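Step one of this worksheet: look at the structure below.
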Amino acid sequence: MSALLEITGISKQYPGVLANDNISLTVSAGEVVALLGENGAGKSTLLKAVFGLVKPDTGEIKIGGEPIIFGDTAGIIARGVGMVHQHFQLVPVMTVAENIILGDEPKSGLFINMKAARAEIIALSKRYGLEVDPDAVIEDLPVGMQQRVEILKALRKDVKLLILDEPTAVLTPQEIDELLGVIRNLANSGVGIVLITHKLHEVMAVADRVVVLRGGKLIGTTSPKETDEAGLAQMMVGRSVVLQVNRTEAKRGGVVLEVKGLQVRDDRKILSVKGVDLSLHKGEILGIAGVEGNGQREFVEAICGMRHREAGEVIINGVATKDMHPHGAHEAGISHIPEDREKHGLVSSYSIADNLILNQFDQEPFAKGWIRNLGEISKNAISMVEKFDIRTPSAFNTAGSLSGGNKQKVVVARELSEDLPVLIAAQPTRGVDVGSIEFIHNQLLSARDKGAAVLLVSAELDEILSLSDRIAVMSGGKIVAIVDSKGADRNYIGRLMAGLDK
Amino acid sequence: MITLIKRRGSYYFLAVSLATLYLYSQSANITTSVFSIAVTFAMPLALAAMVGIMCERTGIVNIGIEGTLLLSSFVAFYVAIAAKSILIGFVAAMATGVAMSLLLALMSVTWKMDQIIAGTILNILATGLTSFFYIQGNMLPSMFKQKPIPGLSNLPFFGDVLFKHGLLMYLGFVVIITLYYGLFHTPWGLRTRAVGEHPSSADTAGVSVSRMRYVNVAVAGAIGGLCGSYLVLELVGSWNRGFTAGKGFTALALMIFGRWNPMGALAAAMFFGLAQAGANQLMINGTVNIPPQFVGILPYVMTIIVLAISAGKVRPPAAEGQPYEKGQS
Amino acid sequence: MSKLIDEVKDSRRKYDVGSWIVPIIAVLTAMFVASVLMMIQGLDPMLAYKSLFTTAFGSSEGIAATLGKATPLVLSGLAVTLGLRAGLFNIGVQGQLLTGALASAWAGYALSNLPPLVHIALALSFGFFFGALVGAIAGYLKAFRGVHEVITTIMLNSIVMGIVDYLASNPFKEPDQALTRTPQILESVRLPMFGNFPSGFFLAAALAFLMWWILGFTTTGFRFNTVGRNRFAAWYAGISYKKTIFFAMLFSGGIAGLGGAVETLGITYRFEPAFNLGLGFDGITIALLGRVHPVGIIPGAILIGGMRAGAADMQFDAGVAPELVDLLLAMILFFVTAPLISRFFKNSANRSLTGGWGN
């Protein structure tokens, strides 16, 4: 079999990060190559380079034996490369048909021939068994359906090589199984497939060959026949066990945070938290497990006063908190490590020092009345940088100049510095390097040991399993079960996340 | 108009039609003349709004429309005088519009500058250039004359209102209708809207975001040139400092009011034109006695009221105002 | 380059002369391009510039005239700066300034029998108050109705222009006078001179330093800056976006109105609609030339004030139309923003001033 894709010695340097370091790999027709690696391992950068969306500093990429030209996405598509992007490349306000034909529209005269487009899409979806409604508007569709559109868009071009970038992140287990079936069928019909993922069981289920990346480097190539999930994990993280935190028994106290009958709508005004009751105790970590998009984000934002509560109450130490008032929630005793740290957590053009007091800027000792106490702000910054191991030349550099892990440490440092009774950590280690992950995990545990009630929301089930004392599983906007983490069964929780067991 | 009638606009359209019919039955001549004048007020506003729609649908905010109109009308006037040909003046104005647009595209697409500031630069530049080079006391060799369209101009009411105008007015209607069909029924329109809503989708589908933006902004500039030419070569016939009097800014509001749809913006412009022409007629009749300054500020007050009502209910192209960075989806 | 931008971003840093390179290059480039244009017209640019700057800075009378012209420019530059710091682009400085000018003129001629200092303070407050009122309309619409301030302030400019024109030609008109203008203000309400120099300038400069201190050293300043850089983080930190936006626009308008008042009470001694044209738009150029720094705008305002003061003599000596200054300003704005401003906003989560008209 000839190589469809040949990557030779690709390197790409971003400011502060070597995203790809001399990576070579080939993909042949009819095989499924899994590209495995943690967040930040350099998978997405590599594949963007294949698509001509990122210009590598060194190295060469050949498709069908011919080198590609940077920026010539159209030419690369024409050679039979399709990509299903991690962030769907769909125009939300347009219809399924419009999205699929974009860039290569069937015409009659000067106008688009929508009739032909519809017929083509229906034929296409029949051929691959991926049913869609050509006239539905993308933003009204559920995520799984949107991904179908994304896949059909790629398949329409008669692809020889299909690249899927983290395609399962937002899918339910059934949808994942379906997708893996589609991938296998495509490979059997002679399409070369690159599957980018960090989920081990998917790799084991579908890949012919596994290429593992870590920290921008190619660590090794193997196949599901030669190894098992543990072996893959070891290659991925470079340690013998995935995530094992030294955790002592929780000294659980009384209820600190109480959520009663909470209902919340998402950005599209759809009810995504459908009546949640939850109690969080002093001195415990309660993990919320769930497939992303099952209401966790809206749940956390509503608790922290950042999203309107449709119904229900959030009570801290017996006092109900105000709706839509983040600072009120903070004053009531909630520290919050927000999911989107760039948007909510930091002002990237401010100094690290200012970011460390962002939500205390008008409080003693950082302000005396109307006047800011710059001396105290600096003193605090210098000690925090030291204590939280924030890697920066100076506490007065801008937060924007830090790496992802160090930015997160700034947020964590700020939120933990006040020792508030409740800590809510939403995806605290997303996009953070392995070293910082460990540091942040230890900080969460020590906050618990000092008596804080910690609510941890994470899409990484392993993170939840290794840190939590209790695990609440969220599915379809509801807490479907709360289990003790001791002896919790991974598979059982997985089925709960999928909404299968009750 | 068809889509407009089908949609929310139907009640508005019906109400205006009934009111017009009533007025027409009361005084046919005056109603016809008010509408006919309203169309001449509305056309430059509508064309200026088309400039905005072309740019914003492709993701570029253009608050430099006023500057584009000012400079292109200025060029139209003086080139027409120098070349003794209004046609050459018209062509020069289009070229000026395109040049202004390319400057905007350079600043906002290539240099990724803040687009509001880029537009402000166009406005201040046009003001500076026109006031520096302005010479008083020139006369146009001629103007675009009224050319009634045979047959259609004999229609009652509509003949006088729509089909007894000059060449540039007709051209304006052609541009607006073409733009409407172009945006919603052609591959170019689909790509334009995709670039304005979600540029990385277009990029990954092999549509060049920068090229679409450059081309569309340039075409918008040509429409701006047409608008400037219409004002000076067909409607007014002379030029003075501050000639365009904020039409380019009002156009932005019409664009928003018309939900970035050429037909919607045309309807909004017509509404403004009617209000202005109606107010003028009332003053001529002596029905009401309003200070002329207050009639003058009417469009601006209406704009603010309209925006205060419609803001939050309209959704602009999602990617507008944001430079596109390749590979950052 | 990036070091320079950090300087711009951090108002608490020491005022660094070394980082003045971009504005200086921008001014020189603009002057160079303008001299090419003059040569095309067959005029002598060296003679024009010599005449311009000798008039403006060559004598103490010249400097006094320059400072007089610079005074409203400092204030309109401050108004734009305050808006930009809170993430607002106040194009309405022109209208706010006109309102303030007319309001203070009315207070200056219609109110009498007041002690001079009280009268001056009252007339200045009138200017501030009415300018703030116009700014507050845009602020209210932005904060509570979600209407983009760029459009509302542009519209308010035109509306204000119509209203002041009506007022100056009807109820407030000087009796038995063909021109559209108000009567002269009373002697007692005129701003005093410090020797040769207009005291209004020192008032404006003091205000610039006050704003610098407020933005850099107080919690209010922190609120403004945070909302301007990342409104989501501001919200998260307990800073009310709506309140901050509203007050930023209100004070921006008030400062602009004060600019009009200082012009009326210190220079023109009456209101005439044609007096103050363009001052508001010059404020945009000055704010950006001063790198959105309250104190940084003072030299820019003096430079441009000097150009305005010397323009008439330049026409007399070198035959160059005084509108050359408008052209120069436009080009200065272009050259100073191209490298700098694009990055000023790029690092913030707001990404641009324009996240769609609806916000």
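For the structure tokens, the naming scheme is as follows: chains receive sequential letters (A, B, ...) according to their order of presentation, residues are indexed from 1 within each chain, and ligands are indexed from 1 in presentation order.
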Requested in this report: Could you list the residues in chain A lying within 7 Å of chain B, using only C-alpha atoms, and format the result as a PyMOL selection string?
Outcome: chain A and resi 48+53-54+73-74+87+89-91+102-103+105+110-112
Report task. Could you please write out, as JSON, numbers by chain, every residue of stretch 17-232 of chain C that DSSP assigns to alpha helix (DSSP H)? Result -> {"C": [21, 22, 23, 24, 25, 26, 27, 28, 29, 30, 31, 32, 33, 34, 35, 36, 37, 38, 39, 40, 45, 46, 47, 48, 49, 50, 51, 52, 53, 54, 55, 56, 57, 60, 61, 62, 63, 64, 65, 66, 67, 68, 69, 70, 71, 72, 73, 74, 75, 76, 77, 78, 79, 80, 81, 82, 83, 84, 85, 93, 94, 95, 96, 97, 98, 99, 100, 101, 102, 103, 104, 105, 106, 107, 108, 109, 110, 116, 117, 118, 119, 120, 121, 122, 123, 124, 125, 126, 127, 128, 129, 130, 131, 132, 133, 134, 135, 136, 137, 138, 139, 140, 141, 142, 143, 144, 145, 149, 150, 151, 152, 153, 154, 155, 156, 157, 158, 159, 160, 161, 162, 163, 164, 165, 166, 167, 168, 169, 199, 200, 201, 202, 203, 204, 205, 206, 207, 208, 209, 210, 211, 212, 213, 214, 215, 216, 217, 219, 220, 221, 222, 223, 224, 225, 226, 227, 228, 229, 231, 232]}
**Report entry** Residues near C:Val27, cut-off 9 Å, only C-alpha atoms, skip fewer than 6 positions along chain, as number ranges by chain
**Finding:** C: 289, 328-329, 331-333, 335-336
Query - Contact residues (chain C, partner chain A, 6 Å, only C-alpha atoms) as a PyMOL selection string - result: chain C and resi 217-219+230+232-233+236-238
Convert the current residue selection to file output with C-alpha atoms, as a short mmCIF file (atom, residue, chain, number, x, y, z; two decimals), in the first residue's frame.
```
data_model
loop_
_atom_site.label_atom_id
_atom_site.label_comp_id
_atom_site.auth_asym_id
_atom_site.auth_seq_id
_atom_site.Cartn_x
_atom_site.Cartn_y
_atom_site.Cartn_z
CA PHE C 217 -3.91 54.70 41.98
CA THR C 218 -7.55 54.40 42.96
CA THR C 219 -10.11 51.62 42.98
CA ASN C 230 -11.82 42.36 30.03
CA PHE C 232 -16.05 39.37 31.78
CA ALA C 233 -13.21 39.26 34.26
CA TYR C 236 -16.38 38.09 37.82
CA ALA C 237 -14.35 40.38 40.09
CA GLY C 238 -17.50 42.15 41.22
#
```
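Selected on chain B by distance to chain C: Lys112, Met113, Asp114, Ile116, Ile121, Ile124, Leu125, Gly128, Leu129, Ser131, Phe132, Gln293, Phe294, Gly296, Ile297, Tyr300, Val301, Ile304, Leu307, Ala308, Ala311, Gly312, Pro316, Glu320, Gly321 and Gln322 of chain B (within 7 Å, counting only C-alpha atoms).
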What lies within 8 Å of C:Gly83 using only C-alpha atoms, ignoring chain neighbours under 5 positions off, as an mmCIF file with N, CA and C atoms, in the first residue's frame?
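Final file, out.cif:
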```cif
data_model
loop_
_atom_site.group_PDB
_atom_site.id
_atom_site.type_symbol
_atom_site.label_atom_id
_atom_site.label_comp_id
_atom_site.auth_asym_id
_atom_site.auth_seq_id
_atom_site.Cartn_x
_atom_site.Cartn_y
_atom_site.Cartn_z
ATOM 1 N N LEU C 88 -14.573 52.222 25.693
ATOM 2 C CA LEU C 88 -15.599 52.934 24.928
ATOM 3 C C LEU C 88 -14.944 53.876 23.936
ATOM 4 N N PHE C 89 -15.534 53.980 22.771
ATOM 5 C CA PHE C 89 -15.009 54.928 21.801
ATOM 6 C C PHE C 89 -15.985 56.080 21.719
ATOM 7 N N ASN C 90 -15.678 57.143 22.413
ATOM 8 C CA ASN C 90 -16.572 58.294 22.464
ATOM 9 C C ASN C 90 -16.291 59.217 21.279
ATOM 10 N N ALA C 248 -18.410 56.111 33.053
ATOM 11 C CA ALA C 248 -17.286 56.471 32.180
ATOM 12 C C ALA C 248 -17.779 57.415 31.083
ATOM 13 N N MET C 249 -18.928 57.085 30.526
ATOM 14 C CA MET C 249 -19.474 57.908 29.447
ATOM 15 C C MET C 249 -19.925 59.265 29.998
ATOM 16 N N SER C 252 -16.794 61.256 30.771
ATOM 17 C CA SER C 252 -16.169 61.603 29.502
ATOM 18 C C SER C 252 -16.902 62.797 28.877
#
```
Nearby residues (only C-alpha atoms) at most 9 Å from B:Phe144, same-chain spacing under 5 positions excluded, as a CSV table (one decimal) with N, CA and C atoms, in the first residue's frame:
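Saved as selection19.csv:
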```csv
chain,number,residue,atom,x,y,z
B,86,ILE,N,-19.6,64.3,-16.8
B,86,ILE,CA,-20.1,63.7,-15.6
B,86,ILE,C,-19.8,62.2,-15.6
B,87,LEU,N,-19.7,61.6,-16.7
B,87,LEU,CA,-19.5,60.1,-16.8
B,87,LEU,C,-18.1,59.8,-16.2
B,166,GLY,N,-33.2,59.7,-12.7
B,166,GLY,CA,-32.0,59.7,-13.5
B,166,GLY,C,-31.3,58.3,-13.5
B,167,LEU,N,-30.3,58.2,-14.3
B,167,LEU,CA,-29.6,56.9,-14.6
B,167,LEU,C,-29.1,56.3,-13.3
B,168,LEU,N,-28.5,57.2,-12.4
B,168,LEU,CA,-27.8,56.7,-11.2
B,168,LEU,C,-28.8,56.1,-10.2
B,230,TYR,N,-24.3,59.8,-7.1
B,230,TYR,CA,-25.7,60.1,-7.2
B,230,TYR,C,-26.0,61.4,-6.4
B,233,LEU,N,-23.9,64.4,-8.6
B,233,LEU,CA,-24.1,64.5,-10.0
B,233,LEU,C,-25.6,64.4,-10.5
B,234,GLU,N,-26.4,63.8,-9.6
B,234,GLU,CA,-27.8,63.7,-10.0
B,234,GLU,C,-28.8,64.4,-9.1
B,235,LEU,N,-28.5,64.4,-7.8
B,235,LEU,CA,-29.4,65.0,-6.9
B,235,LEU,C,-29.2,66.5,-6.6
```
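The closest residue to C:Gly260, picked from C:Gly300, C:Gly42, C:Gly127, C:Gly310 and counting only C-alpha atoms, is C:Gly127.
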Skip B:Ala251 itself and residues of its chain fewer than 3 positions away, then list as a compact mmCIF listing (two decimals) with N, CA and C atoms, in the first residue's frame all residues within 9 Å of it, counting only C-alpha atoms.
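The resulting file, result32.txt, is reproduced below:
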```txt
# COMPACT_ATOMS: atom_id res chain seq x y z
N PRO B 44 -29.79 57.59 -1.50
CA PRO B 44 -28.43 57.66 -0.99
C PRO B 44 -28.26 56.95 0.35
N LEU B 45 -29.27 57.05 1.21
CA LEU B 45 -29.18 56.34 2.50
C LEU B 45 -29.13 54.84 2.27
N ALA B 46 -29.98 54.36 1.35
CA ALA B 46 -30.03 52.92 1.09
C ALA B 46 -28.70 52.45 0.51
N LEU B 47 -28.17 53.20 -0.44
CA LEU B 47 -26.89 52.79 -1.04
C LEU B 47 -25.78 52.79 0.00
N ALA B 48 -25.77 53.81 0.85
CA ALA B 48 -24.74 53.85 1.90
C ALA B 48 -24.90 52.66 2.83
N ALA B 49 -26.17 52.29 3.09
CA ALA B 49 -26.40 51.10 3.93
C ALA B 49 -25.89 49.84 3.23
N MET B 50 -25.99 49.81 1.89
CA MET B 50 -25.47 48.65 1.14
C MET B 50 -23.96 48.52 1.35
N VAL B 51 -23.28 49.66 1.41
CA VAL B 51 -21.84 49.64 1.67
C VAL B 51 -21.61 48.93 3.01
N GLY B 52 -22.38 49.33 4.01
CA GLY B 52 -22.24 48.72 5.33
C GLY B 52 -22.56 47.23 5.30
N ILE B 65 -17.94 54.85 6.18
CA ILE B 65 -18.82 55.07 5.01
C ILE B 65 -18.95 56.57 4.75
N GLU B 66 -19.13 57.34 5.83
CA GLU B 66 -19.28 58.78 5.68
C GLU B 66 -18.08 59.37 4.94
N GLY B 246 -23.50 63.42 7.36
CA GLY B 246 -23.81 62.31 8.26
C GLY B 246 -24.61 61.16 7.66
N LYS B 247 -24.84 61.20 6.33
CA LYS B 247 -25.62 60.11 5.71
C LYS B 247 -24.94 58.76 5.92
N GLY B 248 -23.61 58.77 5.89
CA GLY B 248 -22.87 57.52 6.07
C GLY B 248 -23.06 56.93 7.45
N LEU B 254 -29.53 52.22 9.60
CA LEU B 254 -30.48 51.58 8.68
C LEU B 254 -30.09 50.12 8.43
N MET B 255 -28.79 49.92 8.33
CA MET B 255 -28.29 48.56 8.13
C MET B 255 -28.70 47.65 9.29
N ILE B 256 -28.56 48.18 10.51
CA ILE B 256 -28.92 47.40 11.68
C ILE B 256 -30.44 47.18 11.72
N ALA B 265 -32.89 47.04 4.65
CA ALA B 265 -32.27 48.36 4.74
C ALA B 265 -32.94 49.33 3.78
N ALA B 269 -34.66 52.73 4.82
CA ALA B 269 -34.28 53.99 4.19
C ALA B 269 -35.51 54.71 3.66
```
With a distance cut-off of 9 Å and only C-alpha atoms, select the neighbouring residues of stretch 288-301 of chain A, excluding the residue or stretch itself and same-chain residues fewer than 4 positions from it, and output the selection as a CSV table (one decimal) with N, CA and C atoms, in the first residue's frame.
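Writing done, so here's around-v9.csv:
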```
chain,number,residue,atom,x,y,z
A,143,VAL,N,-25.5,18.3,19.7
A,143,VAL,CA,-24.0,18.2,19.3
A,143,VAL,C,-23.7,17.0,18.4
A,169,ALA,N,-15.2,14.0,22.2
A,169,ALA,CA,-15.2,14.8,23.4
A,169,ALA,C,-16.6,15.2,23.9
A,170,VAL,N,-17.5,15.4,23.0
A,170,VAL,CA,-18.8,15.9,23.4
A,170,VAL,C,-19.9,14.9,23.2
A,171,LEU,N,-19.5,13.7,22.9
A,171,LEU,CA,-20.5,12.7,22.6
A,171,LEU,C,-20.8,11.8,23.8
A,172,THR,N,-22.1,11.2,23.7
A,172,THR,CA,-22.4,10.2,24.7
A,172,THR,C,-21.8,8.9,24.3
A,173,PRO,N,-21.7,7.9,25.2
A,173,PRO,CA,-21.1,6.6,24.9
A,173,PRO,C,-21.8,6.0,23.6
A,262,LEU,N,-32.3,23.5,41.7
A,262,LEU,CA,-31.8,24.5,40.8
A,262,LEU,C,-32.1,24.1,39.3
A,263,GLN,N,-32.6,25.1,38.6
A,263,GLN,CA,-32.9,25.0,37.2
A,263,GLN,C,-32.2,26.2,36.5
A,264,VAL,N,-31.5,25.8,35.4
A,264,VAL,CA,-30.7,26.8,34.7
A,264,VAL,C,-30.9,26.6,33.2
A,265,ARG,N,-30.9,27.7,32.5
A,265,ARG,CA,-30.9,27.6,31.0
A,265,ARG,C,-29.5,27.9,30.4
A,266,ASP,N,-29.2,27.3,29.3
A,266,ASP,CA,-27.9,27.5,28.7
A,266,ASP,C,-28.0,28.7,27.7
A,267,ASP,N,-26.9,29.0,27.0
A,267,ASP,CA,-26.8,30.2,26.2
A,267,ASP,C,-27.9,30.2,25.1
A,271,LEU,N,-33.3,24.6,28.7
A,271,LEU,CA,-33.2,24.2,30.1
A,271,LEU,C,-32.1,23.1,30.2
A,272,SER,N,-30.9,23.4,30.8
A,272,SER,CA,-29.9,22.4,30.8
A,272,SER,C,-29.6,21.9,32.1
A,273,VAL,N,-30.0,22.6,33.2
A,273,VAL,CA,-30.0,22.0,34.5
A,273,VAL,C,-31.4,21.9,35.0
A,274,LYS,N,-31.8,20.7,35.2
A,274,LYS,CA,-33.3,20.4,35.3
A,274,LYS,C,-33.6,20.0,36.7
A,276,VAL,N,-31.7,20.4,40.3
A,276,VAL,CA,-30.6,19.7,41.0
A,276,VAL,C,-30.6,20.0,42.5
A,305,GLY,N,-23.1,32.6,40.7
A,305,GLY,CA,-23.8,33.9,40.4
A,305,GLY,C,-23.4,34.4,39.1
A,306,MET,N,-23.0,33.6,38.2
A,306,MET,CA,-22.6,34.1,36.8
A,306,MET,C,-23.7,33.7,35.8
A,307,ARG,N,-24.7,33.0,36.2
A,307,ARG,CA,-25.7,32.7,35.2
A,307,ARG,C,-27.1,32.7,36.0
A,308,HIS,N,-28.1,33.2,35.3
A,308,HIS,CA,-29.4,33.4,35.9
A,308,HIS,C,-30.0,32.0,36.3
A,326,PRO,N,-21.8,37.6,40.9
A,326,PRO,CA,-20.6,36.8,41.2
A,326,PRO,C,-19.9,37.3,42.4
A,338,PRO,N,-12.6,29.5,37.6
A,338,PRO,CA,-13.6,29.4,36.5
A,338,PRO,C,-13.1,28.5,35.3
A,339,GLU,N,-14.0,27.9,34.6
A,339,GLU,CA,-13.6,27.0,33.5
A,339,GLU,C,-12.9,27.8,32.5
A,424,ILE,N,-15.0,26.1,44.4
A,424,ILE,CA,-15.5,25.5,43.3
A,424,ILE,C,-14.5,25.5,42.2
A,425,ALA,N,-14.1,24.3,41.7
A,425,ALA,CA,-13.0,24.2,40.7
A,425,ALA,C,-13.6,23.6,39.5
A,426,ALA,N,-13.7,24.4,38.4
A,426,ALA,CA,-14.3,23.9,37.1
A,426,ALA,C,-13.2,23.6,36.2
A,455,LEU,N,-16.0,21.6,45.5
A,455,LEU,CA,-16.8,21.0,44.4
A,455,LEU,C,-15.9,21.0,43.2
A,456,LEU,N,-15.6,19.8,42.7
A,456,LEU,CA,-14.7,19.7,41.6
A,456,LEU,C,-15.5,19.2,40.4
A,457,VAL,N,-15.4,20.0,39.3
A,457,VAL,CA,-16.1,19.6,38.1
A,457,VAL,C,-15.0,19.3,37.0
A,458,SER,N,-15.0,18.1,36.4
A,458,SER,CA,-14.0,17.8,35.4
A,458,SER,C,-14.6,16.9,34.4
A,459,ALA,N,-14.1,17.1,33.2
A,459,ALA,CA,-14.5,16.1,32.1
A,459,ALA,C,-13.6,14.9,32.2
A,460,GLU,N,-12.5,14.9,32.9
A,460,GLU,CA,-11.6,13.8,33.0
A,460,GLU,C,-12.1,12.9,34.2
A,461,LEU,N,-12.6,11.8,33.8
A,461,LEU,CA,-13.1,10.9,34.9
A,461,LEU,C,-12.0,10.5,35.8
A,464,ILE,N,-11.5,13.0,38.5
A,464,ILE,CA,-12.6,12.9,39.5
A,464,ILE,C,-12.4,11.7,40.4
A,465,LEU,N,-12.0,10.6,39.8
A,465,LEU,CA,-11.9,9.3,40.6
A,465,LEU,C,-10.7,9.5,41.6
A,468,SER,N,-11.7,12.8,44.3
A,468,SER,CA,-13.0,13.0,45.1
A,468,SER,C,-13.2,12.1,46.2
A,470,ARG,N,-16.6,12.0,47.3
A,470,ARG,CA,-17.9,11.5,46.8
A,470,ARG,C,-17.9,11.9,45.4
A,471,ILE,N,-18.7,11.1,44.6
A,471,ILE,CA,-18.8,11.5,43.2
A,471,ILE,C,-20.3,11.6,42.8
A,472,ALA,N,-20.7,12.8,42.3
A,472,ALA,CA,-22.0,12.9,41.8
A,472,ALA,C,-22.0,12.8,40.3
A,473,VAL,N,-22.8,12.0,39.7
A,473,VAL,CA,-22.8,11.8,38.2
A,473,VAL,C,-23.9,12.7,37.6
A,474,MET,N,-23.5,13.5,36.7
A,474,MET,CA,-24.5,14.4,36.1
A,474,MET,C,-24.8,13.9,34.6
A,475,SER,N,-26.0,13.8,34.3
A,475,SER,CA,-26.4,13.4,33.0
A,475,SER,C,-27.8,14.0,32.6
A,476,GLY,N,-27.8,14.6,31.4
A,476,GLY,CA,-29.1,15.2,31.0
A,476,GLY,C,-29.6,16.3,31.9
A,477,GLY,N,-28.7,17.0,32.6
A,477,GLY,CA,-29.1,18.1,33.4
A,477,GLY,C,-29.5,17.7,34.8
A,478,LYS,N,-29.3,16.4,35.1
A,478,LYS,CA,-29.7,16.0,36.5
A,478,LYS,C,-28.6,15.2,37.1
A,479,ILE,N,-28.6,15.2,38.5
A,479,ILE,CA,-27.6,14.4,39.2
A,479,ILE,C,-28.3,13.0,39.2
A,493,ILE,N,-19.8,4.0,36.6
A,493,ILE,CA,-20.0,5.5,36.5
A,493,ILE,C,-20.1,5.9,35.0
A,494,GLY,N,-19.4,5.2,34.2
A,494,GLY,CA,-19.5,5.4,32.8
A,494,GLY,C,-20.9,5.2,32.3
A,496,LEU,N,-23.6,5.4,34.1
A,496,LEU,CA,-24.4,6.4,34.6
A,496,LEU,C,-24.3,7.7,33.8
A,497,MET,N,-23.0,8.0,33.4
A,497,MET,CA,-22.8,9.3,32.7
A,497,MET,C,-23.6,9.2,31.4
A,498,ALA,N,-23.7,8.0,30.8
A,498,ALA,CA,-24.4,7.9,29.6
A,498,ALA,C,-25.9,7.8,29.8
```
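One distance worth recording is that between atom CA of A:Ile63 and atom CA of A:Glu6, which is 6.4 Å.
Those residues of stretch 109-357 of chain C that DSSP, working from the backbone, places in strand (DSSP E or B) are C:Met193, C:Phe194, C:Phe197, C:Pro198, C:Thr218.
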